[in-house]
Amino acid sequence: MSETNAVEILLVEDNPNDVELALRALRKSNLTNRIHVARDGAEAIEFIFCEGPHATRKIENGPRVILLDLKLPKVDGLEVLKRIKSDPRTKTIPVVVLTSSKEQKDVVESYQLGTNSYIVKPVSFEQFVQAVQQLGLYWMLLNQPPKG
Amino acid sequence: MASQRTSIKQKLMAAIMGTSITVLVLTCAVFIIYEVVTFRRNIVRGLTTRAEIIAANSTAALAFENKEDATEVLSALRRDPRMVVACLYDKDGRLFAKYPPATMPETIPTFPEEQGYRFQRDYFVVFHPVIHEERRLGTLYLESDLSALSERYRLYAVLVLTVIATAILLSFALSAWLQRRIAGPISNLADTARGISEHKDYSLRAKKQSEDEIGQLTDSFNDMLGQIQLRDSSLRSNEARTRAILESALDCIITMDHEGKIVEFNPAAEKMFGYKRSEAVGAALADLVIPPSLREPHRAGLARFHATGQAPVLGKRLEMTGMRADGSEFPVELAITRIVQEGPPMFTGFIRDITQRKRAEQEIRQLNAELEQRVIERTAQLKAANKELEAFSYSVSHDLRAPLRAVDGFSQAVLEDFGPQLPEEGRRYLQTIRTGAQQMGELIDDLLAFSRLSRQPLNKQRVDVDELVRLAWEELKNGQPEGRRVEFRQDPLPPCEGDPSLLKQVWVNLLSNALKYTSKRNPATIEVGVVAAGTDGGGPSGPGPSARAAATYFVRDNGAGFDMQYAGKLFGVFQRLHRAEDYEGTGVGLAIVQRVVHRHGGRVWAEAAVDRGATFYFTLKERNKP
């Protein structure tokens, strides 16, 4: 994965199993191109805002969609979401909250912070694949992000 | 002044004796004067008459100048011893004859006077002309001794003195008698009155001695005494009662006059304040029992009362501070009453030591504060526990499912990627692993839903149960497999008070339960209704619902039912009365039903028999309406 290439999907997920299953699901939907994985909230922020190891990356080079888990080490998902949606450079990036939490509190707060979608990770892998496929198709193919 | 001090006895005696003596003296005087005048007139008349007779008898002697005859005539006067001197003068005024013949010529007037009489010192003298045929022949002179008159005077004096002496004696006796009859009762009355006023003995009575005005006076006096005695005794008993109250009252009673001086100080006050009654009475209230800081307001209040007649402290229950003899202060409760009487007003204070009460109040306050503190602490603990629980649920929700996803996901990956290389048995095992993982996912979801139920606040409102059940049934019916025959009957259901979304869950769970356990019936019958008031079966778990006028709803099916022996386990979490291969489920549905019903203050119970269907009843507590 080259830093210079525009990243199309940012997957923020701390659980390696979930990362692998998510990648498998994305691969099944032929959405494996240019996926970057961040393993905690801090890493996600560094990547999105081109800080630290990602300082050479250009902020306008994506990602085109962010798949965000809520329960993350260091900086939690809601905080990441808040940062993304409060920065004019990044707030147009679609964010899909992908979490195992069905808590009403999390759902409401996520939408209040400006998430574009909220998906509960099902235990069944088939359902998971279906969900990922649907959101991948939706955000990558149908939804045209605003220019600039 | 002296006469005012003399007794009635003396006055009466003086009046009687004075009057009788005055009358007597006056009467005697008049009588004597009258007697003297009459006597003298009689003397005059008698002597004049005698002079006329002698003059008439002497005419011849004078006419014939016969001295012997003349002397003879005159000597007839011998018979009268009072006749002292008599003589005849001739017409020329010369002495012609005299009586007694031996009379000294010096004792005879030299010349006769004209006709007349006069009283001399001891004598009465008469000159009478001797006339014959209107010719004056001479003059007769008579001199009578007045010693008879003197004798009379003496006699009168003796008489008058005797009478007066007798009268004095009599009037003294009379007045003494009268005095006994009149003054006696009066002085008796006076003595009684004095005795009463000296000894304050109102039981004494004056002795009645007659039926006259004094008798009436005595009666009235005794009546008055009777009334006074009555009042005195009622006054005494009143005073005794008051005294008894004062002496035995537990509250301290202090009376103060209009100047603020203590006039009454009962034993309770002595005990409470530490002053003797003798020390307190007469002292200024403010200096004795009121702490220095409150004395000024006390005086100001008293001054205001004098100025305006207003005393706002009267008739109220006040709390203030009292001061004991040793200077220590303590809280008191005080009520002040104004004593209405003639003259300046007095105030009575009823004072109670409320140290104990204050202490108790303080203790209660402290206890309350401690209790409040404890409640705050407990609430904080509960909040913390709740928060922990939430964190726990959150963590369960996230962390418990992640490994399950891995189990399921990678089992699937194995099946997909290496399925053809695995024996049939290995593929079946992997499938079983996946089923287990998915079931555990459902269990976690149900458990989380159940725990959310307790934390979620109740949103109570009027709920149209009829409509709610219809909607729930519609949803469930659509999820049933094609071709299944279910007869559903819904009686009209009364509305209730409750949280609509939670109640919907109750109905959905009960109805889906009914559907589940009738899955082997053809046709299945499910009935929803209310138990008529008063015919409520009560259920196995105790007497009928305690809720007032609350409807008892029921859901009845003709399904598998259960053994009533296990009814107690029916509503426990994860409790199942059927095998999973017969009827799938996590065992949370009825636990949720019970939790919701309990949160509404209601009750849920069931009646069933194996293979003969089950009936689930529940009630919600009506909101208490005034």
# chains A, B, ... in the order shown; residues from 1 in each chain; ligands from 1
$ select_by_dssp --residues "chain A" --states "strand (DSSP E or B)" --output "PyMOL selection string"
chain A and resi 9-12+35-38+65-68+95-99+117-120
$ interface_residues --of "chain A" --to "chain B" --cutoff "9 Å" --atoms "only C-alpha atoms" --output "list of chain:residue names"
A:Asn15, A:Asn17, A:Asp18, A:Leu21, A:Arg24, A:Lys71, A:Thr99, A:Ser100, A:Ser101, A:Lys102, A:Glu103, A:Lys121, A:Pro122, A:Val123, A:Ser124, A:Phe125, A:Glu126, A:Phe128
$ select_by_dssp --residues "chain A" --states "helix (DSSP H, G or I)" --output "PyMOL selection string"
chain A and resi 16-28+41-48+52-54+77-86+104-112+125-142
$ atom_distance --atom1 "atom CA of Tyr583 of chain B" --atom2 "atom CA of Gln565 of chain B"
19.4 Å
$ residues_around --residues "segment 74-89 of chain A" --least-positions-apart "2" --cutoff "10 Å" --atoms "only C-alpha atoms" --output "PyMOL selection string"
chain A and resi 12-13+40-45+48-49+59-60+66+68-72+91-99+106+109-115+148
$ write_last_selection --atoms "N, CA and C atoms" --output "compact mmCIF listing (two decimals), in the first residue's frame"
# COMPACT_ATOMS: atom_id res chain seq x y z
N VAL A 12 -11.14 1.10 10.54
CA VAL A 12 -10.61 1.33 11.90
C VAL A 12 -11.16 0.22 12.79
N GLU A 13 -10.28 -0.72 13.14
CA GLU A 13 -10.73 -1.92 13.87
C GLU A 13 -9.56 -2.47 14.67
N ASP A 40 -6.12 1.44 16.09
CA ASP A 40 -6.73 2.15 17.23
C ASP A 40 -7.12 3.56 16.79
N GLY A 41 -7.77 4.31 17.70
CA GLY A 41 -8.28 5.63 17.37
C GLY A 41 -7.18 6.60 17.02
N ALA A 42 -6.05 6.51 17.77
CA ALA A 42 -4.96 7.45 17.55
C ALA A 42 -4.37 7.26 16.15
N GLU A 43 -4.21 5.99 15.79
CA GLU A 43 -3.67 5.67 14.47
C GLU A 43 -4.60 6.20 13.38
N ALA A 44 -5.89 6.03 13.59
CA ALA A 44 -6.87 6.50 12.61
C ALA A 44 -6.75 8.00 12.42
N ILE A 45 -6.61 8.73 13.53
CA ILE A 45 -6.53 10.20 13.45
C ILE A 45 -5.25 10.62 12.72
N ILE A 48 -5.87 9.96 9.02
CA ILE A 48 -6.84 10.85 8.38
C ILE A 48 -6.27 12.27 8.25
N PHE A 49 -5.61 12.72 9.32
CA PHE A 49 -5.12 14.10 9.30
C PHE A 49 -3.65 14.21 8.89
N ILE A 59 -3.98 15.09 2.52
CA ILE A 59 -5.29 14.90 3.14
C ILE A 59 -6.41 14.77 2.11
N GLU A 60 -6.18 15.41 0.94
CA GLU A 60 -7.25 15.36 -0.06
C GLU A 60 -7.30 14.02 -0.81
N ILE A 66 -14.90 5.69 5.45
CA ILE A 66 -14.27 5.20 6.68
C ILE A 66 -15.23 4.23 7.37
N LEU A 68 -15.76 2.54 10.78
CA LEU A 68 -15.25 2.88 12.11
C LEU A 68 -15.87 2.03 13.21
N ASP A 69 -15.02 1.33 13.95
CA ASP A 69 -15.50 0.63 15.16
C ASP A 69 -15.59 1.67 16.27
N LEU A 70 -16.45 1.44 17.24
CA LEU A 70 -16.58 2.44 18.31
C LEU A 70 -15.65 2.14 19.47
N LYS A 71 -15.53 0.87 19.80
CA LYS A 71 -14.74 0.52 20.98
C LYS A 71 -13.30 0.29 20.54
N LEU A 72 -12.49 1.34 20.78
CA LEU A 72 -11.10 1.32 20.30
C LEU A 72 -10.15 1.67 21.43
N LYS A 91 -14.91 16.56 6.87
CA LYS A 91 -16.28 16.26 7.31
C LYS A 91 -17.16 15.71 6.19
N THR A 92 -16.70 15.87 4.95
CA THR A 92 -17.52 15.32 3.85
C THR A 92 -17.25 13.84 3.60
N ILE A 93 -16.21 13.28 4.26
CA ILE A 93 -15.92 11.85 4.07
C ILE A 93 -17.02 11.04 4.73
N PRO A 94 -17.65 10.12 4.01
CA PRO A 94 -18.69 9.30 4.63
C PRO A 94 -18.09 8.38 5.68
N VAL A 95 -18.73 8.33 6.82
CA VAL A 95 -18.29 7.45 7.90
C VAL A 95 -19.40 6.46 8.20
N VAL A 96 -19.04 5.18 8.21
CA VAL A 96 -20.00 4.14 8.56
C VAL A 96 -19.54 3.55 9.89
N VAL A 97 -20.39 3.71 10.91
CA VAL A 97 -20.04 3.11 12.20
C VAL A 97 -20.37 1.62 12.11
N LEU A 98 -19.35 0.81 12.35
CA LEU A 98 -19.50 -0.64 12.22
C LEU A 98 -19.12 -1.23 13.57
N THR A 99 -20.12 -1.57 14.35
CA THR A 99 -19.83 -1.94 15.74
C THR A 99 -20.67 -3.10 16.21
N ASP A 106 -25.21 4.60 22.03
CA ASP A 106 -24.18 4.67 21.01
C ASP A 106 -24.76 5.07 19.66
N GLU A 109 -25.77 8.80 19.78
CA GLU A 109 -24.61 9.68 19.83
C GLU A 109 -23.87 9.70 18.49
N SER A 110 -23.78 8.56 17.88
CA SER A 110 -23.09 8.48 16.58
C SER A 110 -23.79 9.35 15.54
N TYR A 111 -25.13 9.22 15.51
CA TYR A 111 -25.85 10.04 14.52
C TYR A 111 -25.75 11.51 14.85
N GLN A 112 -25.75 11.83 16.17
CA GLN A 112 -25.62 13.24 16.55
C GLN A 112 -24.28 13.80 16.10
N LEU A 113 -23.24 12.96 16.15
CA LEU A 113 -21.91 13.42 15.75
C LEU A 113 -21.76 13.45 14.22
N GLY A 114 -22.75 12.95 13.52
CA GLY A 114 -22.73 13.10 12.06
C GLY A 114 -22.34 11.87 11.28
N THR A 115 -22.49 10.67 11.88
CA THR A 115 -22.17 9.47 11.11
C THR A 115 -23.18 9.32 9.97
N GLY A 148 -13.65 18.45 -4.60
CA GLY A 148 -12.85 19.40 -3.83
C GLY A 148 -12.58 18.83 -2.52
$ atom_distance --atom1 "atom CA of Tyr617 of chain B" --atom2 "atom CA of Tyr553 of chain B"
5.6 Å
